[in-house]
file run21.cif (mmCIF, C-alpha atoms)
data_start
#
loop_
_atom_site.label_atom_id
_atom_site.label_comp_id
_atom_site.auth_asym_id
_atom_site.auth_seq_id
_atom_site.Cartn_x
_atom_site.Cartn_y
_atom_site.Cartn_z
CA MET A 1 7.76 -2.28 6.03
CA ALA A 2 8.43 -0.22 0.01
CA ALA A 3 11.20 3.64 -11.97
CA VAL A 4 8.66 2.58 -13.93
CA GLY A 5 9.96 0.61 -16.88
CA GLY A 6 9.55 1.69 -20.42
CA ARG A 7 11.32 5.01 -20.75
CA SER A 8 11.33 4.57 -24.48
CA SER A 9 7.56 4.66 -24.50
CA ALA A 10 7.26 7.83 -22.43
CA ARG A 11 6.82 9.91 -25.55
CA ALA A 12 4.06 7.63 -26.75
CA LEU A 13 2.24 8.02 -23.43
CA ARG A 14 1.76 11.69 -24.13
CA SER A 15 -0.69 10.85 -26.86
CA GLY A 16 -2.24 7.70 -25.49
CA ARG A 17 -2.11 4.98 -22.90
CA ARG A 18 -0.45 1.61 -22.90
CA ARG A 19 -2.62 -1.47 -22.84
CA PHE A 20 -1.66 -3.86 -20.06
CA GLU A 21 -1.84 -7.60 -20.54
CA PRO A 22 -1.85 -9.50 -17.22
CA GLY A 23 0.41 -12.49 -17.14
CA SER A 24 2.56 -11.18 -19.97
CA GLY A 25 4.74 -8.85 -17.93
CA GLY A 26 4.41 -6.10 -20.51
CA PHE A 27 2.26 -3.61 -22.39
CA ARG A 28 0.73 -3.76 -25.82
CA GLY A 29 -0.86 -1.17 -28.04
CA LEU A 30 -2.01 2.37 -27.31
CA LEU A 31 -5.39 3.90 -26.68
CA PRO A 32 -6.29 7.40 -27.87
CA PRO A 33 -6.43 10.34 -25.45
CA SER A 34 -10.25 10.27 -25.50
CA GLU A 35 -10.13 6.86 -23.78
CA ARG A 36 -7.40 7.52 -21.28
CA PRO A 37 -7.83 5.75 -17.96
CA ARG A 38 -9.39 7.56 -15.05
CA ALA A 39 -7.80 6.78 -11.71
CA CYS A 40 -9.19 7.61 -8.30
CA CYS A 41 -7.75 7.73 -4.80
CA VAL A 42 -9.85 7.13 -1.71
CA THR A 43 -8.72 7.78 1.84
CA ALA A 44 -10.23 6.64 5.08
CA GLY A 45 -9.16 8.46 8.23
CA GLY A 46 -8.05 6.77 11.40
CA PRO A 47 -4.94 5.94 13.41
CA GLY A 48 -2.72 2.95 13.09
CA ALA A 49 -0.29 1.52 10.63
CA SER A 50 1.95 -1.43 10.11
CA PRO A 51 5.70 -1.86 10.24
CA GLY A 52 5.53 -2.54 6.56
CA ALA A 53 3.64 0.61 5.81
CA GLY A 54 5.44 2.80 8.27
CA ALA A 55 2.87 5.38 9.36
CA ALA A 56 0.97 5.28 6.14
CA SER A 57 -2.64 4.27 5.80
CA SER A 58 -3.84 4.26 2.25
CA ALA A 59 -5.63 2.40 -0.44
CA PHE A 60 -6.03 2.75 -4.13
CA ALA A 61 -8.10 1.19 -6.82
CA VAL A 62 -7.72 0.80 -10.52
CA ARG A 63 -10.54 2.24 -12.53
CA GLY A 64 -11.77 1.82 -16.06
CA GLN A 65 -13.48 4.41 -18.24
CA ARG A 66 -15.32 4.23 -21.54
CA GLY A 67 -15.57 0.50 -21.29
CA GLY A 68 -11.91 0.39 -20.23
CA GLY A 69 -9.55 -2.41 -19.50
CA ARG A 70 -9.46 -5.29 -17.09
CA CYS A 71 -7.08 -6.74 -14.55
CA CYS A 72 -8.64 -10.07 -15.31
CA SER A 73 -10.96 -11.46 -17.92
CA ALA A 74 -14.52 -10.26 -17.48
CA GLN A 75 -17.84 -11.62 -18.62
CA ARG A 76 -19.76 -9.07 -20.64
CA PRO A 77 -23.59 -9.04 -20.68
CA ASN A 78 -23.52 -10.91 -23.99
CA GLY A 79 -21.58 -13.73 -22.35
CA GLN A 80 -18.37 -13.02 -24.24
CA GLU A 81 -15.17 -12.82 -22.29
CA GLU A 82 -13.17 -9.60 -22.65
CA PRO A 83 -9.41 -9.93 -22.05
CA SER A 84 -7.82 -7.80 -19.40
CA SER A 85 -5.97 -4.72 -20.52
CA VAL A 86 -5.45 -1.41 -18.76
CA PHE A 87 -4.93 -0.78 -15.08
CA TYR A 88 -6.72 2.37 -13.97
CA VAL A 89 -5.53 3.69 -10.67
CA VAL A 90 -7.75 4.77 -7.80
CA GLU A 91 -5.95 5.61 -4.61
CA MET A 92 -7.27 5.72 -1.06
CA ALA A 93 -4.48 7.40 0.82
CA LEU A 94 -4.08 8.86 4.27
CA ARG A 95 -0.42 9.66 4.48
CA THR A 96 1.87 11.26 1.93
CA LYS A 97 4.24 8.35 1.23
CA HIS A 98 1.75 6.02 -0.43
CA ARG A 99 -0.21 8.80 -2.06
CA LEU A 100 2.89 10.31 -3.65
CA PHE A 101 4.05 6.97 -4.95
CA VAL A 102 0.83 6.03 -6.68
CA SER A 103 -0.04 9.51 -7.88
CA GLN A 104 3.39 10.33 -9.27
CA LYS A 105 4.57 6.99 -10.56
CA VAL A 106 1.30 5.74 -11.98
CA ALA A 107 -0.35 8.96 -13.10
CA ALA A 108 2.76 10.63 -14.48
CA ALA A 109 4.67 7.67 -15.86
CA SER A 110 1.77 5.45 -16.88
CA GLY A 111 -0.65 8.05 -18.18
CA HIS A 112 -3.42 7.40 -15.66
CA THR A 113 -5.73 10.01 -14.21
CA VAL A 114 -5.76 9.94 -10.40
CA VAL A 115 -8.73 11.07 -8.35
CA LEU A 116 -7.73 11.53 -4.72
CA VAL A 117 -10.59 10.64 -2.38
CA ASP A 118 -10.59 11.39 1.31
CA GLN A 119 -12.97 12.26 4.12
CA SER A 120 -12.70 16.02 3.80
CA ASP A 121 -11.69 18.70 1.33
CA GLU A 122 -9.17 20.01 3.86
CA ILE A 123 -7.26 16.73 3.86
CA LEU A 124 -7.41 16.62 0.08
CA LYS A 125 -5.94 20.11 -0.20
CA LYS A 126 -3.03 19.11 2.03
CA SER A 127 -2.56 15.97 -0.03
CA THR A 128 -2.46 17.86 -3.30
CA LYS A 129 -0.02 20.37 -1.86
CA GLY A 130 2.22 17.56 -0.61
CA ILE A 131 2.18 15.92 -4.03
CA GLU A 132 3.13 19.16 -5.75
CA GLU A 133 5.99 19.77 -3.33
CA SER A 134 7.27 16.25 -3.82
CA LEU A 135 7.06 16.61 -7.59
CA LYS A 136 9.22 19.70 -7.36
CA ARG A 137 11.85 17.76 -5.43
CA VAL A 138 11.72 14.94 -7.97
CA THR A 139 12.04 17.24 -10.97
CA LYS A 140 14.90 19.16 -9.36
CA LYS A 141 16.98 15.97 -9.56
CA LYS A 142 15.44 14.35 -12.62
CA PHE A 143 15.50 17.46 -14.77
CA ALA A 144 18.50 19.24 -13.27
CA ASP A 145 19.72 20.35 -16.71
CA LYS A 146 16.25 20.83 -18.22
CA PRO A 147 14.13 23.03 -15.93
CA GLU A 148 11.53 23.61 -18.65
CA ALA A 149 11.02 19.86 -19.04
CA GLY A 150 10.67 19.61 -15.29
CA ALA A 151 7.99 22.28 -15.23
CA GLU A 152 6.16 20.46 -18.02
CA PHE A 153 6.38 17.20 -16.07
CA ILE A 154 4.81 18.80 -13.00
CA GLU A 155 2.07 20.45 -15.02
CA LYS A 156 1.10 17.25 -16.82
CA THR A 157 1.13 15.23 -13.63
CA LEU A 158 -1.04 17.70 -11.74
CA LYS A 159 -3.50 17.76 -14.62
CA ASN A 160 -3.96 14.05 -14.00
CA LEU A 161 -4.95 14.69 -10.38
CA THR A 162 -8.45 15.55 -9.19
CA THR A 163 -10.10 15.08 -5.80
CA SER A 164 -13.32 13.65 -4.40
CA THR A 165 -14.87 12.77 -1.04
CA ASP A 166 -17.18 10.06 -2.44
CA ALA A 167 -15.53 6.64 -2.10
CA VAL A 168 -18.45 4.70 -3.52
CA ALA A 169 -18.71 6.83 -6.66
CA VAL A 170 -15.11 6.20 -7.69
CA VAL A 171 -15.29 2.41 -7.57
CA HIS A 172 -18.19 2.00 -9.99
CA SER A 173 -15.79 1.43 -12.88
CA THR A 174 -12.73 0.09 -11.09
CA ASP A 175 -10.51 -2.74 -12.23
CA LEU A 176 -8.35 -2.93 -9.10
CA VAL A 177 -8.96 -1.68 -5.56
CA ILE A 178 -6.05 -1.68 -3.10
CA GLU A 179 -6.91 -0.90 0.51
CA ALA A 180 -4.41 0.34 3.10
CA ILE A 181 -6.49 2.07 5.73
CA VAL A 182 -6.13 1.66 9.52
CA GLU A 183 -4.86 -1.79 10.54
CA ASN A 184 -8.16 -2.96 12.02
CA GLN A 185 -9.97 -6.07 10.85
CA GLU A 186 -13.52 -4.83 11.43
CA ILE A 187 -12.96 -1.47 9.76
CA LYS A 188 -11.30 -3.06 6.75
CA ASN A 189 -14.08 -5.64 6.44
CA GLU A 190 -16.68 -2.89 6.58
CA LEU A 191 -14.94 -0.96 3.80
CA PHE A 192 -14.56 -3.98 1.54
CA LYS A 193 -18.14 -5.09 2.17
CA ARG A 194 -19.43 -1.65 1.20
CA LEU A 195 -17.25 -1.28 -1.89
CA ASP A 196 -18.07 -4.82 -2.96
CA LYS A 197 -21.68 -3.77 -3.51
CA PHE A 198 -20.76 -1.06 -5.99
CA ALA A 199 -17.60 -2.29 -7.74
CA PRO A 200 -18.00 -4.18 -11.04
CA GLU A 201 -17.99 -7.97 -10.93
CA HIS A 202 -14.59 -8.23 -12.61
CA THR A 203 -12.87 -5.86 -10.17
CA ILE A 204 -9.95 -7.25 -8.17
CA PHE A 205 -9.72 -6.28 -4.50
CA ALA A 206 -6.39 -6.23 -2.65
CA SER A 207 -5.20 -5.14 0.77
CA ASN A 208 -1.95 -3.48 1.78
CA THR A 209 -2.20 -4.96 5.29
CA SER A 210 1.02 -6.24 6.81
CA SER A 211 -0.44 -8.24 9.70
CA LEU A 212 -4.04 -9.30 9.03
CA GLN A 213 -5.10 -12.41 7.16
CA ILE A 214 -6.06 -11.71 3.57
CA THR A 215 -8.48 -14.63 3.65
CA GLN A 216 -10.53 -13.06 6.43
CA LEU A 217 -10.72 -9.80 4.51
CA ALA A 218 -11.72 -11.62 1.33
CA ASN A 219 -14.52 -13.37 3.19
CA SER A 220 -16.20 -10.00 3.75
CA THR A 221 -16.82 -9.83 -0.01
CA THR A 222 -18.40 -11.96 -2.72
CA ARG A 223 -15.20 -12.00 -4.80
CA GLN A 224 -12.83 -14.30 -2.92
CA ASP A 225 -11.28 -15.49 -6.19
CA ARG A 226 -10.58 -11.87 -7.13
CA PHE A 227 -8.96 -10.93 -3.82
CA GLY A 228 -5.28 -10.88 -2.87
CA GLY A 229 -2.65 -8.93 -0.97
CA LEU A 230 -0.37 -6.16 -2.22
CA HIS A 231 1.95 -5.11 0.58
CA PHE A 232 4.10 -2.08 -0.27
CA PHE A 233 7.00 -0.92 1.91
CA ASN A 234 7.81 2.50 3.28
CA PRO A 235 9.11 4.86 1.97
CA VAL A 236 7.31 3.62 -1.14
CA PRO A 237 9.21 5.74 -3.70
CA MET A 238 12.49 4.25 -2.45
CA MET A 239 11.60 0.68 -1.50
CA LYS A 240 11.42 -1.70 -4.45
CA LEU A 241 9.71 -4.60 -2.68
CA VAL A 242 6.05 -5.58 -2.92
CA GLU A 243 4.74 -8.74 -1.28
CA VAL A 244 1.98 -10.30 -3.40
CA ILE A 245 -0.23 -12.56 -1.30
CA LYS A 246 -2.28 -15.40 -2.74
CA THR A 247 -4.99 -17.00 -0.60
CA PRO A 248 -6.29 -20.52 -1.26
CA MET A 249 -9.22 -18.86 -3.05
CA THR A 250 -7.26 -16.37 -5.18
CA SER A 251 -7.41 -17.33 -8.84
CA GLN A 252 -4.21 -17.72 -10.83
CA LYS A 253 -5.29 -14.95 -13.19
CA THR A 254 -5.85 -12.58 -10.26
CA PHE A 255 -2.44 -13.48 -8.83
CA GLU A 256 -0.72 -12.89 -12.16
CA SER A 257 -2.51 -9.57 -12.54
CA LEU A 258 -1.28 -8.40 -9.14
CA MET A 259 2.27 -9.49 -9.96
CA ASP A 260 2.13 -7.70 -13.31
CA PHE A 261 0.69 -4.56 -11.76
CA SER A 262 3.55 -4.44 -9.25
CA LYS A 263 6.09 -4.74 -12.06
CA ALA A 264 4.26 -2.12 -14.11
CA VAL A 265 4.79 0.48 -11.36
CA GLY A 266 8.47 -0.37 -11.12
CA LYS A 267 8.51 -2.68 -8.11
CA SER A 268 10.07 -6.09 -7.51
CA PRO A 269 7.25 -8.39 -6.35
CA VAL A 270 7.71 -11.55 -4.30
CA SER A 271 4.92 -14.05 -3.67
CA CYS A 272 3.83 -15.54 -0.37
CA LYS A 273 0.96 -17.60 0.99
CA ASP A 274 -1.50 -16.04 3.42
CA THR A 275 0.57 -16.59 6.55
CA PRO A 276 0.72 -14.08 9.46
CA GLY A 277 3.10 -11.24 8.54
CA PHE A 278 3.85 -12.74 5.13
CA ILE A 279 7.65 -12.78 4.65
CA VAL A 280 9.24 -9.60 5.98
CA ASN A 281 7.08 -8.92 9.02
CA ARG A 282 6.89 -12.60 9.93
CA LEU A 283 10.64 -12.35 10.48
CA LEU A 284 10.80 -8.74 11.65
CA VAL A 285 8.12 -8.57 14.38
CA PRO A 286 9.31 -11.61 16.36
CA TYR A 287 12.85 -10.22 16.08
CA MET A 288 11.73 -6.93 17.65
CA LEU A 289 9.79 -8.76 20.38
CA GLU A 290 12.81 -10.92 21.21
CA ALA A 291 14.83 -7.73 21.67
CA VAL A 292 12.21 -6.52 24.16
CA ARG A 293 12.48 -9.85 26.02
CA LEU A 294 16.25 -9.42 26.21
CA LEU A 295 15.62 -6.06 27.88
CA GLU A 296 12.93 -7.48 30.16
CA ARG A 297 15.32 -10.16 31.41
CA GLY A 298 18.03 -7.58 32.01
CA ASP A 299 20.43 -9.30 29.60
CA ALA A 300 21.41 -6.01 27.93
CA SER A 301 20.34 -2.37 27.74
CA LYS A 302 18.19 -1.13 24.88
CA GLU A 303 21.01 1.15 23.79
CA ASP A 304 23.52 -1.70 23.57
CA ILE A 305 21.03 -3.95 21.78
CA ASP A 306 20.43 -1.26 19.17
CA VAL A 307 24.13 -0.62 18.70
CA ALA A 308 24.84 -4.33 18.46
CA MET A 309 22.30 -4.90 15.68
CA LYS A 310 23.43 -1.84 13.72
CA LEU A 311 27.13 -2.60 13.91
CA GLY A 312 26.97 -6.38 14.08
CA ALA A 313 24.16 -7.13 11.66
CA GLY A 314 24.38 -4.03 9.51
CA TYR A 315 20.80 -2.97 10.21
CA PRO A 316 20.08 0.74 9.62
CA MET A 317 18.05 0.91 12.85
CA GLY A 318 18.14 -1.06 16.06
CA PRO A 319 15.01 -2.96 17.18
CA PHE A 320 14.01 -0.37 19.78
CA GLU A 321 14.54 2.50 17.38
CA LEU A 322 12.42 0.63 14.87
CA LEU A 323 9.68 -0.10 17.39
CA ASP A 324 9.47 3.59 18.26
CA TYR A 325 9.37 4.48 14.57
CA VAL A 326 6.62 1.99 13.79
CA GLY A 327 4.57 2.80 16.89
CA LEU A 328 4.36 0.62 19.99
CA ASP A 329 0.57 0.43 19.75
CA THR A 330 0.82 -0.86 16.20
CA SER A 331 3.37 -3.49 17.18
CA LYS A 332 1.21 -4.56 20.12
CA TYR A 333 -1.85 -4.79 17.88
CA ILE A 334 0.01 -7.00 15.44
CA ILE A 335 1.48 -9.38 18.02
CA ASP A 336 -1.84 -9.63 19.89
CA GLY A 337 -3.58 -10.55 16.65
CA TRP A 338 -1.02 -13.20 15.80
CA HIS A 339 -1.18 -14.57 19.37
CA ALA A 340 -4.94 -14.95 19.02
CA LEU A 341 -4.44 -16.89 15.77
CA GLU A 342 -1.64 -19.10 17.12
CA PRO A 343 -1.76 -19.00 20.96
CA ASN A 344 0.79 -21.82 21.31
CA ASN A 345 3.43 -20.17 19.13
CA PRO A 346 6.20 -18.87 21.47
CA LEU A 347 7.22 -16.25 18.89
CA PHE A 348 3.84 -14.55 19.30
CA VAL A 349 3.72 -14.29 23.11
CA PRO A 350 2.83 -10.68 24.11
CA SER A 351 5.39 -8.59 25.99
CA PRO A 352 4.48 -7.19 29.45
CA LEU A 353 6.87 -4.24 28.96
CA LEU A 354 5.41 -3.38 25.58
CA ASN A 355 1.89 -3.61 27.00
CA LYS A 356 2.87 -1.33 29.89
CA LEU A 357 4.28 1.38 27.61
CA VAL A 358 1.19 1.29 25.40
CA GLU A 359 -1.05 1.55 28.46
CA GLU A 360 0.94 4.63 29.52
CA LYS A 361 0.42 6.13 26.02
CA LYS A 362 4.14 6.02 25.34
CA LEU A 363 3.78 4.93 21.74
CA GLY A 364 7.11 6.02 20.26
CA ARG A 365 8.06 8.92 18.05
CA LYS A 366 4.46 9.99 17.37
CA THR A 367 3.85 10.71 21.08
CA GLY A 368 7.35 11.95 21.92
CA GLU A 369 8.26 8.94 24.03
CA GLY A 370 8.42 5.17 23.67
CA PHE A 371 11.47 3.17 24.55
CA TYR A 372 13.35 6.43 23.96
CA LYS A 373 12.38 10.05 24.61
CA TYR A 374 12.10 12.47 21.67
CA LYS A 375 12.17 16.26 21.83
#

call {"tool": "encode", "arguments": {"input": "run21.cif", "output": "C-alpha cells"}}
result
Amino acid sequence: MAAVGGRSSARALRSGRRRFEPGSGGFRGLLPPSERPRACCVTAGGPGASPGAGAASSAFAVRGQRGGGRCCSAQRPNGQEEPSSVFYVVEMALRTKHRLFVSQKVAAASGHTVVLVDQSDEILKKSTKGIEESLKRVTKKKFADKPEAGAEFIEKTLKNLTTSTDAVAVVHSTDLVIEAIVENQEIKNELFKRLDKFAPEHTIFASNTSSLQITQLANSTTRQDRFGGLHFFNPVPMMKLVEVIKTPMTSQKTFESLMDFSKAVGKSPVSCKDTPGFIVNRLLVPYMLEAVRLLERGDASKEDIDVAMKLGAGYPMGPFELLDYVGLDTSKYIIDGWHALEPNNPLFVPSPLLNKLVEEKKLGRKTGEGFYKYK
C-alpha cells in the first residue's frame, strides 16, 4: 500500500562505503571516504497518492560521484564496459514516510549522502525537522542503553543530509531514479521526460506508482530497457514488501539491479509483470469496490461490512475505513484509469456512490468526511 542487512559491516561503513554488485545479492569491497556516494532527494508538490503509498508522494534517485558506481553496466567513452557497483541515493519526497525511510535507512545504514530536493526551502526545512524527530524516536529504542551512541548515530545521519531545490542538477550523476510524485500520468511523464535529458545514459529510472502502467511511463523516455517499477508500501519503515515491476522492455540486468537494491535497503521484493495494480492493489482495489457495491445494493451497512472483514478475515481495517484512509479521490482515479484500460472488465466498473462522494468533496480522512465523519 511498505533493517538493512549487514550489521557486522556497520563499523566498516564509518570509514568507507560498500560496493554493490547487482545480481549478486551482496556487497563487495570498500571505497575510501573521499569517494563516498552522494545521494539526492527530489520532491514534486501536488495532491494525490495511491493505496500502496498511503498519502505519500515521493521519488528518489541513486547518484554517483567521482566516477562512482553503476546499477547496471555502462559504456564508457572509450567503449569499455564498467561493471555496476554502488547505489547512490537521490530522493524526491513529498511526505515524511518515504523520505524518512530512504534518508535514514540508506544514508545512515548504507553510508550514502542524501540531498533532499523539493519545490521550496520551507518544505525542505519541515522535511529535515521531521527526519530529525524520527531519528530521535528510532535511537530512543535502538540505543536505549547507549544514549551517547544514539546521539552519534543522529549526528552522523544528519551530516549525510543536505537540501536543494534543483531537481535537474541532482540527476546529472545518478545511477537510479525512483519517482513517486502525484499519481497522474501526464505529470509523471513530464518529469521523466525532463530528467531523461540530463541523467547519464546508464541511469535506471523507476516509478513508485501503484496504479499506472510502467510501460507508458517508460515510453516517455529514451531508456525503456533501463526502466522498471519499485512500489514501496506505507508505512515504509515498517512494511517489508516492495513490488519490483518488469516491463517487456526492461532488461534482465535492470530487473536484477532493482531486486538487489530492494534487498540492500532491507526489503523483501516480489516480482510482477506490468499489469494494472501489480499484485497487492490488483487484489485490494476491486475488493474495496465490491464492498461499496454491497452497500449500494443495500445488502449490508458499511459498519457491518467493516466489522465483518476485521473479525472474519483478520484485516486490520475494514474496506470503508481503508477507502477513507487512502482517499476516495485517489481510489476513484485508480479505478477510472483501469476501466479505461479494460472497459469490459467487471472488476473495474466505476461506482456511482464513490463518484458522488468525490463530487461532493467528501474524500475521506483528509477532508474530515468520506464514508465516515471525522472530527

call {"tool": "closest_residue", "arguments": {"input": "run21.cif", "among": "A:Asp196, A:Glu321, A:Asp175, A:Glu201", "to": "Glu303 in chain A", "atoms": "only C-alpha atoms"}}
result
A:Glu321

call {"tool": "atom_distance", "arguments": {"input": "run21.cif", "atom1": "CA of Glu360 in chain A", "atom2": "CA of Leu283 in chain A"}}
result
27.3 Å

call {"tool": "resolve_selection", "arguments": {"input": "run21.cif", "expression": "the PyMOL selection byres ((chain A and resi 169) around 10)", "output": "PyMOL selection string"}}
result
chain A and resi 40+117+164-168+170-173+195+198-199

call {"tool": "atom_distance", "arguments": {"input": "run21.cif", "atom1": "CA of Ile245 in chain A", "atom2": "CA of Ser210 in chain A"}}
result
10.4 Å

call {"tool": "atom_distance", "arguments": {"input": "run21.cif", "atom1": "CA of Leu295 in chain A", "atom2": "CA of Ser351 in chain A"}}
result
10.7 Å

call {"tool": "closest_residue", "arguments": {"input": "run21.cif", "among": "A:Val236, A:Ala149, A:Lys267, A:Phe227", "to": "Phe255 in chain A", "atoms": "all atoms listed in the file"}}
result
A:Phe227

call {"tool": "closest_residue", "arguments": {"input": "run21.cif", "among": "A:Pro346, A:Gly368, A:Pro286, A:Pro352", "to": "Asp324 in chain A", "atoms": "all atoms listed in the file"}}
result
A:Gly368

call {"tool": "residues_around", "arguments": {"input": "run21.cif", "residues": "range 216-223 of chain A", "least_positions_apart": "4", "cutoff": "10 Å", "atoms": "all atoms listed in the file", "output": "list in words"}}
result
Gln185, Glu186, Lys188, Asn189, Glu190, Leu191, Phe192, Lys193, Arg194, Leu195, Asp196, Lys197, Glu201, His202, Thr203, Ile204, Phe205, Ala206, Ser207, Thr209, Leu212, Phe227, Gly228, Gly229, Thr247, Met249, Thr250 and Asp274 of chain A

call {"tool": "resolve_selection", "arguments": {"input": "run21.cif", "expression": "the PyMOL selection byres ((chain A and resi 137-141) around 8)", "output": "PyMOL selection string"}}
result
chain A and resi 133-136+142-144+147+150-151+153-154

call {"tool": "closest_residue", "arguments": {"input": "run21.cif", "among": "A:Glu183, A:Glu132, A:Asp329, A:Glu290", "to": "Arg365 in chain A", "atoms": "all atoms listed in the file"}}
result
A:Asp329

call {"tool": "closest_residue", "arguments": {"input": "run21.cif", "among": "A:Gln213, A:Glu148, A:Asn355, A:Lys362", "to": "Asn184 in chain A", "atoms": "only C-alpha atoms"}}
result
A:Gln213

call {"tool": "residues_near_point", "arguments": {"input": "run21.cif", "point": "(19.0, 4.9, 24.8)", "cutoff": "10 Å", "atoms": "all atoms listed in the file", "output": "list of chain:residue names"}}
result
A:Ser301, A:Lys302, A:Glu303, A:Asp304, A:Ile305, A:Asp306, A:Val307, A:Phe320, A:Glu321, A:Phe371, A:Tyr372, A:Lys373

call {"tool": "resolve_selection", "arguments": {"input": "run21.cif", "expression": "the PyMOL selection byres ((chain A and resi 339) around 12)", "output": "list of chain:residue names"}}
result
A:Ser211, A:Leu212, A:Pro276, A:Pro286, A:Lys332, A:Tyr333, A:Ile334, A:Ile335, A:Asp336, A:Gly337, A:Trp338, A:Ala340, A:Leu341, A:Glu342, A:Pro343, A:Asn344, A:Asn345, A:Pro346, A:Leu347, A:Phe348, A:Val349, A:Pro350, A:Ser351

call {"tool": "closest_residue", "arguments": {"input": "run21.cif", "among": "A:Lys310, A:Lys366, A:Arg293, A:Lys129", "to": "Leu353 in chain A", "atoms": "all atoms listed in the file"}}
result
A:Arg293

call {"tool": "axis_aligned_box", "arguments": {"input": "run21.cif", "around": "range 141-158 of chain A", "padding_each_side": "8 Å", "output": "JSON"}}
result
{"center_x": 9.3, "center_y": 19.0, "center_z": -14.3, "size_x": 36.8, "size_y": 25.3, "size_z": 25.5}

call {"tool": "decode", "arguments": {"input": "run21.cif", "residues": "range 306-312 of chain A", "atoms": "all heavy atoms", "output": "mmCIF file, in the first residue's frame"}}
result
data_model
loop_
_atom_site.group_PDB
_atom_site.id
_atom_site.type_symbol
_atom_site.label_atom_id
_atom_site.label_comp_id
_atom_site.auth_asym_id
_atom_site.auth_seq_id
_atom_site.Cartn_x
_atom_site.Cartn_y
_atom_site.Cartn_z
ATOM 1 N N ASP A 306 -17.362 -3.507 7.536
ATOM 2 C CA ASP A 306 -16.038 -3.297 8.123
ATOM 3 C C ASP A 306 -15.775 -4.264 9.273
ATOM 4 O O ASP A 306 -14.694 -4.865 9.371
ATOM 5 C CB ASP A 306 -15.897 -1.849 8.614
ATOM 6 C CG ASP A 306 -15.522 -0.884 7.501
ATOM 7 O OD1 ASP A 306 -15.184 -1.354 6.401
ATOM 8 O OD2 ASP A 306 -15.570 0.338 7.726
ATOM 9 N N VAL A 307 -16.763 -4.411 10.144
ATOM 10 C CA VAL A 307 -16.608 -5.329 11.276
ATOM 11 C C VAL A 307 -16.427 -6.762 10.783
ATOM 12 O O VAL A 307 -15.572 -7.513 11.281
ATOM 13 C CB VAL A 307 -17.829 -5.254 12.220
ATOM 14 C CG1 VAL A 307 -17.777 -6.390 13.251
ATOM 15 C CG2 VAL A 307 -17.864 -3.913 12.937
ATOM 16 N N ALA A 308 -17.192 -7.136 9.775
ATOM 17 C CA ALA A 308 -17.114 -8.495 9.251
ATOM 18 C C ALA A 308 -15.730 -8.815 8.706
ATOM 19 O O ALA A 308 -15.183 -9.899 8.951
ATOM 20 C CB ALA A 308 -18.172 -8.695 8.157
ATOM 21 N N MET A 309 -15.132 -7.881 7.976
ATOM 22 C CA MET A 309 -13.816 -8.133 7.386
ATOM 23 C C MET A 309 -12.702 -8.096 8.429
ATOM 24 O O MET A 309 -11.695 -8.793 8.298
ATOM 25 C CB MET A 309 -13.539 -7.127 6.276
ATOM 26 C CG MET A 309 -14.470 -7.269 5.070
ATOM 27 S SD MET A 309 -14.615 -8.968 4.446
ATOM 28 C CE MET A 309 -12.934 -9.309 3.953
ATOM 29 N N LYS A 310 -12.886 -7.318 9.472
ATOM 30 C CA LYS A 310 -11.872 -7.270 10.536
ATOM 31 C C LYS A 310 -11.926 -8.523 11.405
ATOM 32 O O LYS A 310 -10.886 -9.115 11.728
ATOM 33 C CB LYS A 310 -12.052 -6.011 11.382
ATOM 34 C CG LYS A 310 -11.605 -4.739 10.667
ATOM 35 C CD LYS A 310 -11.603 -3.531 11.584
ATOM 36 C CE LYS A 310 -12.997 -3.064 11.909
ATOM 37 N NZ LYS A 310 -12.974 -1.791 12.696
ATOM 38 N N LEU A 311 -13.133 -8.935 11.761
ATOM 39 C CA LEU A 311 -13.262 -10.096 12.639
ATOM 40 C C LEU A 311 -13.271 -11.412 11.878
ATOM 41 O O LEU A 311 -12.811 -12.430 12.398
ATOM 42 C CB LEU A 311 -14.543 -9.961 13.477
ATOM 43 C CG LEU A 311 -14.633 -8.749 14.400
ATOM 44 C CD1 LEU A 311 -15.910 -8.819 15.234
ATOM 45 C CD2 LEU A 311 -13.408 -8.646 15.297
ATOM 46 N N GLY A 312 -13.796 -11.398 10.666
ATOM 47 C CA GLY A 312 -13.902 -12.630 9.899
ATOM 48 C C GLY A 312 -12.683 -12.943 9.053
ATOM 49 O O GLY A 312 -12.333 -14.114 8.878
#
